[in-house]
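> What follows is the file my_file_38.csv, containing CSV, C-alpha atoms:
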chain,number,residue,atom,x,y,z
B,76,MET,CA,10.0,56.3,49.0
B,77,ILE,CA,10.3,53.3,51.3
B,78,LEU,CA,12.1,51.5,48.4
B,79,ASP,CA,14.6,54.3,48.1
B,80,ILE,CA,15.4,54.0,51.8
B,81,ILE,CA,15.9,50.3,51.5
B,82,HIS,CA,18.0,50.9,48.4
B,83,ILE,CA,20.3,53.3,50.2
B,84,LEU,CA,20.6,51.0,53.3
B,85,VAL,CA,21.6,48.1,51.1
B,86,LEU,CA,24.3,50.2,49.4
B,87,ILE,CA,25.7,51.4,52.7
B,88,GLY,CA,25.6,47.8,53.9
B,89,LEU,CA,27.5,46.7,50.8
B,90,ILE,CA,30.3,49.3,51.4
B,91,ALA,CA,30.5,48.5,55.2
B,92,THR,CA,30.8,44.7,54.6
B,93,ALA,CA,33.3,45.1,51.9
B,94,TYR,CA,35.5,47.4,54.1
B,95,LEU,CA,35.2,44.9,57.0
B,96,ALA,CA,36.1,42.0,54.8
B,97,VAL,CA,39.4,43.7,54.0
B,98,LYS,CA,40.1,45.1,57.4
B,99,LEU,CA,39.3,42.3,59.8
B,100,ARG,CA,42.1,40.0,61.0
B,101,ASP,CA,39.9,36.9,61.7
B,102,LEU,CA,39.6,35.1,58.4
B,103,MET,CA,36.5,33.3,59.4
B,104,ALA,CA,34.8,36.7,60.1
B,105,CYS,CA,36.1,37.8,56.7
B,106,ALA,CA,34.4,34.8,55.0
B,107,VAL,CA,31.1,35.6,56.9
B,108,MET,CA,31.4,39.2,55.8
B,109,LEU,CA,31.8,38.1,52.2
B,110,GLY,CA,28.7,36.0,52.6
B,111,ILE,CA,26.7,38.9,53.9
B,112,PHE,CA,28.2,41.0,51.0
B,113,SER,CA,26.9,38.5,48.4
B,114,PHE,CA,23.5,38.4,50.1
B,115,LEU,CA,23.1,42.2,50.0
B,116,LEU,CA,24.3,42.2,46.4
B,117,SER,CA,21.6,39.7,45.5
B,118,LEU,CA,19.1,41.9,47.3
B,119,GLU,CA,20.3,44.8,45.2
B,120,PHE,CA,19.9,42.8,42.0
B,121,PHE,CA,16.4,42.0,43.1
B,122,ILE,CA,15.6,45.7,43.7
B,123,LEU,CA,16.9,46.4,40.2
B,124,GLN,CA,14.4,43.9,38.8
B,125,ALA,CA,16.9,41.1,37.8
B,126,PRO,CA,15.6,38.0,39.8
B,127,ASP,CA,17.6,35.6,37.6
B,128,VAL,CA,20.9,37.1,38.6
B,129,ALA,CA,19.7,37.5,42.2
B,130,ILE,CA,19.1,33.7,42.5
B,131,ALA,CA,22.4,32.9,40.9
B,132,GLU,CA,24.2,35.4,43.2
B,133,ALA,CA,22.5,34.1,46.4
B,134,GLY,CA,23.2,30.5,45.5
B,135,ILE,CA,26.8,30.8,44.4
B,136,GLY,CA,28.0,33.9,46.3
B,137,ALA,CA,26.3,33.5,49.6
B,138,GLY,CA,26.2,29.7,49.7
B,139,LEU,CA,29.0,28.0,47.8
B,140,THR,CA,31.9,30.4,48.1
B,141,THR,CA,31.3,30.8,51.9
B,142,ALA,CA,31.3,27.0,52.3
B,143,ILE,CA,34.6,26.7,50.3
B,144,PHE,CA,36.2,29.5,52.3
B,145,VAL,CA,35.2,27.8,55.5
B,146,MET,CA,36.7,24.6,54.3
B,147,ALA,CA,39.9,26.2,53.3
B,148,ILE,CA,40.2,28.1,56.6
B,149,ARG,CA,39.7,25.0,58.6
B,150,LYS,CA,42.6,23.4,56.8
B,151,THR,CA,45.0,26.3,57.1
B,152,SER,CA,45.4,29.0,59.8
B,153,ARG,CA,42.5,31.1,61.0
B,154,TRP,CA,44.4,34.3,61.8
B,155,GLU,CA,46.0,36.6,59.4
B,156,VAL,CA,49.7,37.0,60.1
B,157,GLU,CA,52.1,39.9,59.3
B,158,GLU,CA,54.7,39.1,56.7
A,6,MET,CA,49.1,62.2,51.3
A,7,ARG,CA,48.4,58.8,49.7
A,8,ASN,CA,45.6,58.1,52.1
A,9,ILE,CA,43.9,61.4,51.3
A,10,LEU,CA,44.2,60.7,47.6
A,11,MET,CA,42.6,57.3,48.1
A,12,LEU,CA,39.9,58.8,50.2
A,13,ILE,CA,39.1,61.3,47.5
A,14,VAL,CA,38.9,58.6,44.8
A,15,PHE,CA,36.8,56.4,47.0
A,16,LEU,CA,34.3,59.2,47.8
A,17,THR,CA,34.1,60.2,44.1
A,18,ILE,CA,33.3,56.6,43.0
A,19,ILE,CA,30.8,56.2,45.9
A,20,SER,CA,29.0,59.4,45.2
A,21,PHE,CA,28.8,58.5,41.5
A,22,PHE,CA,27.2,55.1,42.3
A,23,MET,CA,24.8,56.8,44.8
A,24,TYR,CA,23.8,59.4,42.2
A,25,VAL,CA,23.1,56.7,39.6
A,26,ALA,CA,21.2,54.6,42.0
A,27,ILE,CA,19.0,57.4,43.3
A,28,ASN,CA,18.6,59.3,40.0
A,29,PRO,CA,15.1,58.6,38.6
A,30,GLY,CA,16.5,58.4,35.1
A,31,ASP,CA,14.9,58.9,31.7
A,32,PHE,CA,11.1,58.9,31.4
A,33,ASN,CA,9.6,56.5,28.9
A,34,SER,CA,6.4,58.1,27.6
A,35,GLN,CA,5.0,54.9,26.1
A,36,THR,CA,4.9,52.8,29.3
A,37,GLY,CA,4.9,55.7,31.8
A,38,GLU,CA,7.8,54.1,33.7
A,39,HIS,CA,11.1,55.4,34.9
A,40,PHE,CA,14.2,53.5,34.0
A,41,VAL,CA,16.9,53.7,36.6
A,42,PHE,CA,19.9,53.4,34.3
A,43,GLY,CA,18.3,55.3,31.4
A,44,SER,CA,16.1,54.0,28.6
A,45,PRO,CA,17.8,51.8,26.0
A,46,LYS,CA,18.7,53.5,22.7
A,47,PHE,CA,18.1,50.5,20.3
A,48,THR,CA,15.1,48.4,21.1
A,49,ASP,CA,14.5,46.4,17.9
A,50,MET,CA,16.0,43.2,19.3
A,51,ASP,CA,14.2,43.6,22.6
A,52,ASN,CA,10.8,44.1,20.9
A,53,TYR,CA,11.4,41.1,18.7
A,54,PHE,CA,12.1,38.8,21.6
A,55,ILE,CA,9.3,40.2,23.8
A,56,HIS,CA,6.6,39.9,21.0
A,57,ASN,CA,7.7,36.6,19.4
A,58,ALA,CA,9.3,34.4,22.2
A,59,GLN,CA,6.0,33.1,23.6
A,60,ASN,CA,4.7,32.0,20.2
A,61,GLN,CA,8.0,30.6,18.9
A,62,THR,CA,9.2,28.7,21.9
A,63,GLY,CA,6.1,28.4,24.0
A,64,ALA,CA,7.9,29.5,27.2
A,65,ASN,CA,6.5,32.1,29.4
A,66,ASN,CA,9.9,33.1,30.8
A,67,VAL,CA,11.5,35.0,28.0
A,68,VAL,CA,14.9,35.1,29.7
A,69,THR,CA,15.0,31.3,29.7
A,70,SER,CA,13.9,31.1,26.1
A,71,ILE,CA,16.7,33.4,25.1
A,72,VAL,CA,19.3,31.6,27.2
A,73,PHE,CA,18.5,28.1,26.1
A,74,ASP,CA,17.0,28.6,22.6
A,75,TYR,CA,18.0,31.8,20.8
A,76,ARG,CA,21.4,32.0,22.4
A,77,GLY,CA,22.0,28.3,23.0
A,78,PHE,CA,25.7,28.4,22.1
A,79,ASP,CA,26.3,30.7,25.0
A,80,THR,CA,24.9,28.2,27.4
A,81,LEU,CA,27.0,25.4,25.7
A,82,GLY,CA,30.1,27.5,26.3
A,83,GLU,CA,29.2,28.1,29.9
A,84,ALA,CA,28.6,24.4,30.5
A,85,SER,CA,32.0,23.7,28.9
A,86,VAL,CA,33.7,26.3,31.1
A,87,LEU,CA,32.2,24.6,34.2
A,88,PHE,CA,33.4,21.2,33.0
A,89,THR,CA,36.9,22.6,32.4
A,90,ALA,CA,37.0,24.2,35.8
A,91,VAL,CA,36.1,20.9,37.5
A,92,LEU,CA,38.8,19.2,35.4
A,93,GLY,CA,41.3,21.8,36.6
A,94,VAL,CA,40.4,21.5,40.2
A,95,GLY,CA,40.6,17.7,40.2
A,96,LEU,CA,43.9,17.7,38.3
A,97,ALA,CA,45.5,20.3,40.6
A,98,LEU,CA,44.4,18.9,43.9
A,99,ARG,CA,45.2,15.3,42.8
A,100,LEU,CA,48.8,16.4,41.8
A,101,LEU,CA,49.2,18.3,45.1
A,102,ARG,CA,48.1,15.3,47.2
A,103,GLY,CA,50.6,13.1,45.3
A,104,ASP,CA,48.4,10.3,44.3
A,105,LYS,CA,50.2,7.8,42.0
A,106,LYS,CA,47.0,6.1,41.0
G,111,MET,CA,32.7,17.6,61.8
G,112,MET,CA,31.1,20.6,63.5
G,113,SER,CA,29.0,20.9,66.7
G,114,LYS,CA,25.7,19.2,67.3
G,115,ILE,CA,23.7,22.4,66.8
G,116,VAL,CA,25.1,22.8,63.2
G,117,ARG,CA,24.5,19.1,62.4
G,118,THR,CA,20.9,19.2,63.7
G,119,GLN,CA,20.0,22.3,61.7
G,120,ALA,CA,21.7,20.8,58.6
G,121,ASN,CA,19.6,17.6,59.0
G,122,PHE,CA,16.4,19.8,59.3
G,123,LEU,CA,17.2,22.2,56.5
G,124,TYR,CA,18.8,20.3,53.6
G,125,PRO,CA,15.6,18.5,52.3
G,126,PHE,CA,13.9,21.9,51.9
G,127,ILE,CA,17.0,23.3,50.1
G,128,LEU,CA,16.9,20.3,47.7
G,129,ILE,CA,13.2,20.7,47.1
G,130,PHE,CA,13.6,24.4,46.4
G,131,GLY,CA,16.5,23.7,44.0
G,132,PHE,CA,14.5,21.1,42.0
G,133,TYR,CA,11.5,23.5,41.9
G,134,ILE,CA,13.7,26.2,40.3
G,135,VAL,CA,15.0,23.7,37.8
G,136,ALA,CA,11.6,22.2,36.9
G,137,HIS,CA,9.9,25.6,36.6
G,138,GLY,CA,12.8,27.2,34.7
G,139,HIS,CA,10.6,28.0,31.7
G,140,LEU,CA,7.8,29.6,33.9
G,141,THR,CA,9.4,31.5,36.8
G,142,PRO,CA,12.8,33.3,37.2
G,143,GLY,CA,15.7,30.9,37.4
G,144,GLY,CA,16.7,27.9,35.4
G,145,GLY,CA,19.2,25.1,35.2
G,146,PHE,CA,22.3,27.0,36.4
G,147,GLN,CA,20.6,28.7,39.3
G,148,GLY,CA,18.7,25.6,40.4
G,149,GLY,CA,21.9,23.5,40.2
G,150,ALA,CA,23.8,26.0,42.3
G,151,VAL,CA,21.0,25.9,45.0
G,152,ILE,CA,21.1,22.1,45.1
G,153,ALA,CA,24.9,22.3,45.4
G,154,THR,CA,24.5,24.7,48.3
G,155,GLY,CA,22.4,22.0,50.1
G,156,ILE,CA,25.2,19.5,49.4
G,157,ALA,CA,27.7,22.0,50.8
G,158,LEU,CA,25.7,22.4,54.0
G,159,VAL,CA,25.8,18.6,54.6
G,160,ILE,CA,29.5,18.5,53.7
G,161,VAL,CA,30.5,21.3,56.0
G,162,ALA,CA,28.4,20.1,58.9
G,163,TYR,CA,29.8,16.5,58.8
G,164,GLY,CA,33.4,16.0,58.0
G,165,TYR,CA,34.9,14.3,55.0
G,166,ASP,CA,35.3,10.9,56.7
G,167,ARG,CA,31.5,10.6,57.2
G,168,VAL,CA,30.5,12.2,53.9
G,169,LYS,CA,32.7,10.1,51.6
G,170,SER,CA,30.7,7.0,52.3
G,171,TRP,CA,27.4,8.8,51.4
G,172,ILE,CA,28.5,10.8,48.3
G,173,LYS,CA,30.9,9.2,45.9
G,174,LYS,CA,33.1,11.5,43.8
G,175,SER,CA,32.8,9.1,40.9
G,176,THR,CA,29.0,9.3,41.0
G,177,LEU,CA,29.1,13.1,40.9
G,178,THR,CA,31.6,13.0,38.0
G,179,ALA,CA,29.3,10.6,36.1
G,180,THR,CA,26.3,12.9,36.9
G,181,GLU,CA,28.1,15.9,35.5
G,182,SER,CA,29.2,14.1,32.3
G,183,ILE,CA,25.7,12.7,31.7
G,184,GLY,CA,24.2,16.2,32.1
G,185,LEU,CA,26.5,17.7,29.6
G,186,LEU,CA,26.0,14.8,27.1
G,187,CYS,CA,22.2,15.1,27.4
G,188,PHE,CA,22.4,18.9,26.8
G,189,ILE,CA,24.5,18.4,23.6
G,190,LEU,CA,22.4,15.5,22.4
G,191,THR,CA,19.2,17.5,22.8
G,192,ALA,CA,20.8,20.2,20.8
G,193,PHE,CA,21.9,17.7,18.1
G,194,ILE,CA,18.4,16.1,17.7
G,195,GLY,CA,17.1,19.3,16.0
G,196,LEU,CA,20.0,19.3,13.6
G,197,SER,CA,17.8,18.7,10.6
G,198,THR,CA,16.8,22.4,10.8
G,199,SER,CA,19.6,23.9,12.8
G,200,PHE,CA,21.7,23.3,15.9
G,201,PHE,CA,19.7,24.1,19.0
G,202,TYR,CA,16.4,24.0,17.0
G,203,ASN,CA,13.4,23.8,19.3
G,204,PHE,CA,11.7,20.8,17.6
G,205,LEU,CA,9.2,20.1,20.3
G,206,ALA,CA,7.7,23.5,20.7
G,207,ASN,CA,4.0,23.8,19.7
G,208,SER,CA,4.0,20.2,18.3
G,209,GLY,CA,1.4,18.7,20.7
G,210,LEU,CA,3.9,16.1,21.9
G,211,LEU,CA,5.8,16.1,25.2
G,212,PHE,CA,6.1,19.7,26.4
G,213,GLY,CA,4.4,20.8,23.3
G,214,ASP,CA,1.3,22.8,24.3
G,215,LYS,CA,0.8,26.3,22.9
G,216,VAL,CA,0.9,29.2,25.3
G,217,SER,CA,-1.3,32.3,24.9
G,218,TYR,CA,0.3,35.7,24.3
G,219,GLY,CA,0.7,38.1,27.1
G,220,ALA,CA,1.3,37.9,30.9
G,221,ASN,CA,-0.2,34.7,32.2
G,222,PRO,CA,0.9,32.2,34.9
G,223,GLY,CA,1.6,29.5,32.3
G,224,TYR,CA,1.4,25.7,32.3
G,225,LEU,CA,4.1,23.2,33.0
G,226,ASN,CA,3.6,21.2,29.8
G,227,THR,CA,4.9,23.8,27.4
G,228,ALA,CA,8.2,25.2,25.9
G,229,GLY,CA,9.5,22.2,23.9
G,230,THR,CA,13.1,21.3,24.6
G,231,LEU,CA,13.6,24.0,27.2
G,232,PRO,CA,12.6,21.9,30.3
G,233,ILE,CA,14.9,19.0,29.1
G,234,MET,CA,17.8,21.4,28.7
G,235,ASN,CA,17.0,23.0,32.0
G,236,LEU,CA,17.1,19.5,33.7
G,237,ALA,CA,20.3,18.6,31.8
G,238,VAL,CA,22.1,21.8,32.8
G,239,GLY,CA,20.8,21.6,36.4
G,240,VAL,CA,22.2,18.0,36.8
G,241,GLU,CA,25.5,19.1,35.2
G,242,VAL,CA,26.0,22.1,37.5
G,243,LEU,CA,25.0,20.0,40.5
G,244,GLY,CA,27.6,17.4,39.7
G,245,GLY,CA,30.3,19.9,38.8
G,246,LEU,CA,30.0,22.1,41.9
G,247,GLY,CA,29.6,19.0,44.1
G,248,VAL,CA,32.9,17.5,42.7
G,249,ILE,CA,34.7,20.8,43.3
G,250,LEU,CA,33.4,20.8,46.9
G,251,MET,CA,34.4,17.2,47.5
G,252,TYR,CA,37.9,17.8,46.1
G,253,MET,CA,38.3,20.9,48.2
G,254,LEU,CA,37.3,18.8,51.3
G,255,SER,CA,39.4,15.8,50.5
G,256,TYR,CA,42.7,17.7,50.2
G,257,GLY,CA,44.8,18.2,53.4
G,258,LYS,CA,44.0,17.7,57.0
G,259,GLU,CA,42.1,19.9,59.5
G,260,VAL,CA,44.6,21.8,61.5
G,261,SER,CA,42.9,25.0,62.6
G,262,LYS,CA,41.3,25.6,65.9
Turn this file's structure into C-alpha cells for me.

Amino acid sequence: MILDIIHILVLIGLIATAYLAVKLRDLMACAVMLGIFSFLLSLEFFILQAPDVAIAEAGIGAGLTTAIFVMAIRKTSRWEVEE
Amino acid sequence: MRNILMLIVFLTIISFFMYVAINPGDFNSQTGEHFVFGSPKFTDMDNYFIHNAQNQTGANNVVTSIVFDYRGFDTLGEASVLFTAVLGVGLALRLLRGDKK
Amino acid sequence: MMSKIVRTQANFLYPFILIFGFYIVAHGHLTPGGGFQGGAVIATGIALVIVAYGYDRVKSWIKKSTLTATESIGLLCFILTAFIGLSTSFFYNFLANSGLLFGDKVSYGANPGYLNTAGTLPIMNLAVGVEVLGGLGVILMYMLSYGKEVSK
C-alpha cells in the first residue's frame, strides 16, 4: 500500500518535472528540472526492481547530462528568446 | 481545437501508464508473486541462465555474467559506440575551434 | 569558477563519489552495477570538480591526453581479455572455476558471495570502467574547453 502511494507520487512528479522542463523560460531551471526528472526515473526503475538500470540512470542522467547542460548554458545565453 | 485534441491524447497515454503501473498483473502460481507487467510467456532462456550462470561463470550477479560473458559482443559494441562518440565530439569541437595543429 | 560554497562542497564530496564508483566497479560481479555504471559514477565526480572550478584551473590537474590514453588502454584490455580465451571461443571465461586468480567456485543459490570469484568478469569490469571513465571525462573536457563563458 505504501509502495503504491510512493509509486503514484513518483509518476506524478515525472509528469510535473517534464512539463516544467518544457514550459520554463530560464534554461538553468530547465536543466535542473531535467536532473530531477532523471532522478525520479531512476527511483522508478528501482521500484520496478531494476537496480542496474537505476544506477546507470542516476549516474548519467542526473549527474553527467546536467553538468554538460550547465556548461553549455554558461557559454551561451541563459534565457530562452522568442524567434 | 488543437489544444483539446492534444489534451485528450495526453490524458489517454497518462491513464494507460497509470493503469499499467497500478495493475497487479498476472499471478504466478509457482512463486506466488505478482508480476507488474505480466508474466513472461517463454521462460526457457531465463531458467537456463538462472540455474547455470553461477556454476558456469562463478559470478553471483547473473546480470553481469550475462552482460560480460554470455552476451560479450553486446558489451564490445557498446564500448566501441562510446569510443566513436568521443572521437566525434573531439573532432567536431576541434574543427569548430579552428585549431590548425 | 563558481562560488566558494560550491567549491567547498565539491572538495568535501568528490572523494566519496570516487570511492563509491570504484566500489561499484570492483563489486560488479557481486552486487548490482558493473563497469559501465561505475565508470559513469566516477565521471560524475570528475564533472563535479570540473563545474566547480573553471577550465583554466582544471586543465593543469587533468590532462586530456591522459584521459584519452586511459580510454584506449581500457578498450584494449577488454579486447585482449576476450582474445586470450580464443582457444575455445571468443569471450570464453577461461579463469572461472580454475583455482587461479578470481577462480574460486561459488555455491548455488542466493548467498552474499566472495570477491575472488567469477574468472574474467572482474577484469572486464575494471577495463570497461576505466574506458567509460576516460571517455566521459574526455567529452566533459572538450565541452568545457570550447568557447568562452559569456552568460551571467
> Residues of chain B were defined as contacting chain A if any atom lay at most 12 Å from it, counting all atoms listed in the file; please report them as a list of chain:residue names.
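Residues passing the distance filter: B:Met76, B:Leu78, B:Asp79, B:Ile80, B:Ile81, B:His82, B:Ile83, B:Leu84, B:Val85, B:Leu86, B:Ile87, B:Leu89, B:Ile90, B:Tyr94, B:Glu119, B:Phe120, B:Ile122, B:Leu123, B:Gln124, B:Ala125, B:Pro126, B:Asp127, B:Val128.
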> Find the residues in chain G near chain B: any atom within 10 Å counts, using all atoms listed in the file. Write them as a ChimeraX atom specification.
/G:131,134,141-144,146-158,160-162,164,246-247,249-251,253-262
> Would you put the residues from that selection into a file with C-alpha atoms, as a PDB file, keeping the file's coordinate frame?

ATOM      1  CA  GLY G 131      16.500  23.700  44.000  1.00  0.00           C
ATOM      2  CA  ILE G 134      13.700  26.200  40.300  1.00  0.00           C
ATOM      3  CA  THR G 141       9.400  31.500  36.800  1.00  0.00           C
ATOM      4  CA  PRO G 142      12.800  33.300  37.200  1.00  0.00           C
ATOM      5  CA  GLY G 143      15.700  30.900  37.400  1.00  0.00           C
ATOM      6  CA  GLY G 144      16.700  27.900  35.400  1.00  0.00           C
ATOM      7  CA  PHE G 146      22.300  27.000  36.400  1.00  0.00           C
ATOM      8  CA  GLN G 147      20.600  28.700  39.300  1.00  0.00           C
ATOM      9  CA  GLY G 148      18.700  25.600  40.400  1.00  0.00           C
ATOM     10  CA  GLY G 149      21.900  23.500  40.200  1.00  0.00           C
ATOM     11  CA  ALA G 150      23.800  26.000  42.300  1.00  0.00           C
ATOM     12  CA  VAL G 151      21.000  25.900  45.000  1.00  0.00           C
ATOM     13  CA  ILE G 152      21.100  22.100  45.100  1.00  0.00           C
ATOM     14  CA  ALA G 153      24.900  22.300  45.400  1.00  0.00           C
ATOM     15  CA  THR G 154      24.500  24.700  48.300  1.00  0.00           C
ATOM     16  CA  GLY G 155      22.400  22.000  50.100  1.00  0.00           C
ATOM     17  CA  ILE G 156      25.200  19.500  49.400  1.00  0.00           C
ATOM     18  CA  ALA G 157      27.700  22.000  50.800  1.00  0.00           C
ATOM     19  CA  LEU G 158      25.700  22.400  54.000  1.00  0.00           C
ATOM     20  CA  ILE G 160      29.500  18.500  53.700  1.00  0.00           C
ATOM     21  CA  VAL G 161      30.500  21.300  56.000  1.00  0.00           C
ATOM     22  CA  ALA G 162      28.400  20.100  58.900  1.00  0.00           C
ATOM     23  CA  GLY G 164      33.400  16.000  58.000  1.00  0.00           C
ATOM     24  CA  LEU G 246      30.000  22.100  41.900  1.00  0.00           C
ATOM     25  CA  GLY G 247      29.600  19.000  44.100  1.00  0.00           C
ATOM     26  CA  ILE G 249      34.700  20.800  43.300  1.00  0.00           C
ATOM     27  CA  LEU G 250      33.400  20.800  46.900  1.00  0.00           C
ATOM     28  CA  MET G 251      34.400  17.200  47.500  1.00  0.00           C
ATOM     29  CA  MET G 253      38.300  20.900  48.200  1.00  0.00           C
ATOM     30  CA  LEU G 254      37.300  18.800  51.300  1.00  0.00           C
ATOM     31  CA  SER G 255      39.400  15.800  50.500  1.00  0.00           C
ATOM     32  CA  TYR G 256      42.700  17.700  50.200  1.00  0.00           C
ATOM     33  CA  GLY G 257      44.800  18.200  53.400  1.00  0.00           C
ATOM     34  CA  LYS G 258      44.000  17.700  57.000  1.00  0.00           C
ATOM     35  CA  GLU G 259      42.100  19.900  59.500  1.00  0.00           C
ATOM     36  CA  VAL G 260      44.600  21.800  61.500  1.00  0.00           C
ATOM     37  CA  SER G 261      42.900  25.000  62.600  1.00  0.00           C
ATOM     38  CA  LYS G 262      41.300  25.600  65.900  1.00  0.00           C
TER      39      LYS G 262
END
> Find the residues of chain G in contact range of chain A, meaning any atom within 8 Å when counting only C-alpha atoms, and list them as a VMD selection string.
chain G and resid 138 to 144 181 185 189 201 to 203 206 to 207 213 to 218 220 to 223 227 to 229 231 234 to 235 238 241 to 242 245 to 246 248 to 249 252 to 253 256 to 257
> Could you state the separation of CA of Phe193 (chain G) and CA of Pro232 (chain G) in Å, given to one decimal place?
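For CA of Phe193 (chain G) relative to CA of Pro232 (chain G), the distance reads 15.9 Å.
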> Can you tell me how far CA of Phe21 (chain A) sits from CA of Cys105 (chain B), in Å to one decimal?
26.7 Å
> Report, in Å to a single decimal, how far apart CA of Val116 (chain G) and CA of Val97 (chain B) are.
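Interatomic distance, CA of Val97 (chain B) to CA of Val116 (chain G): 26.9 Å.
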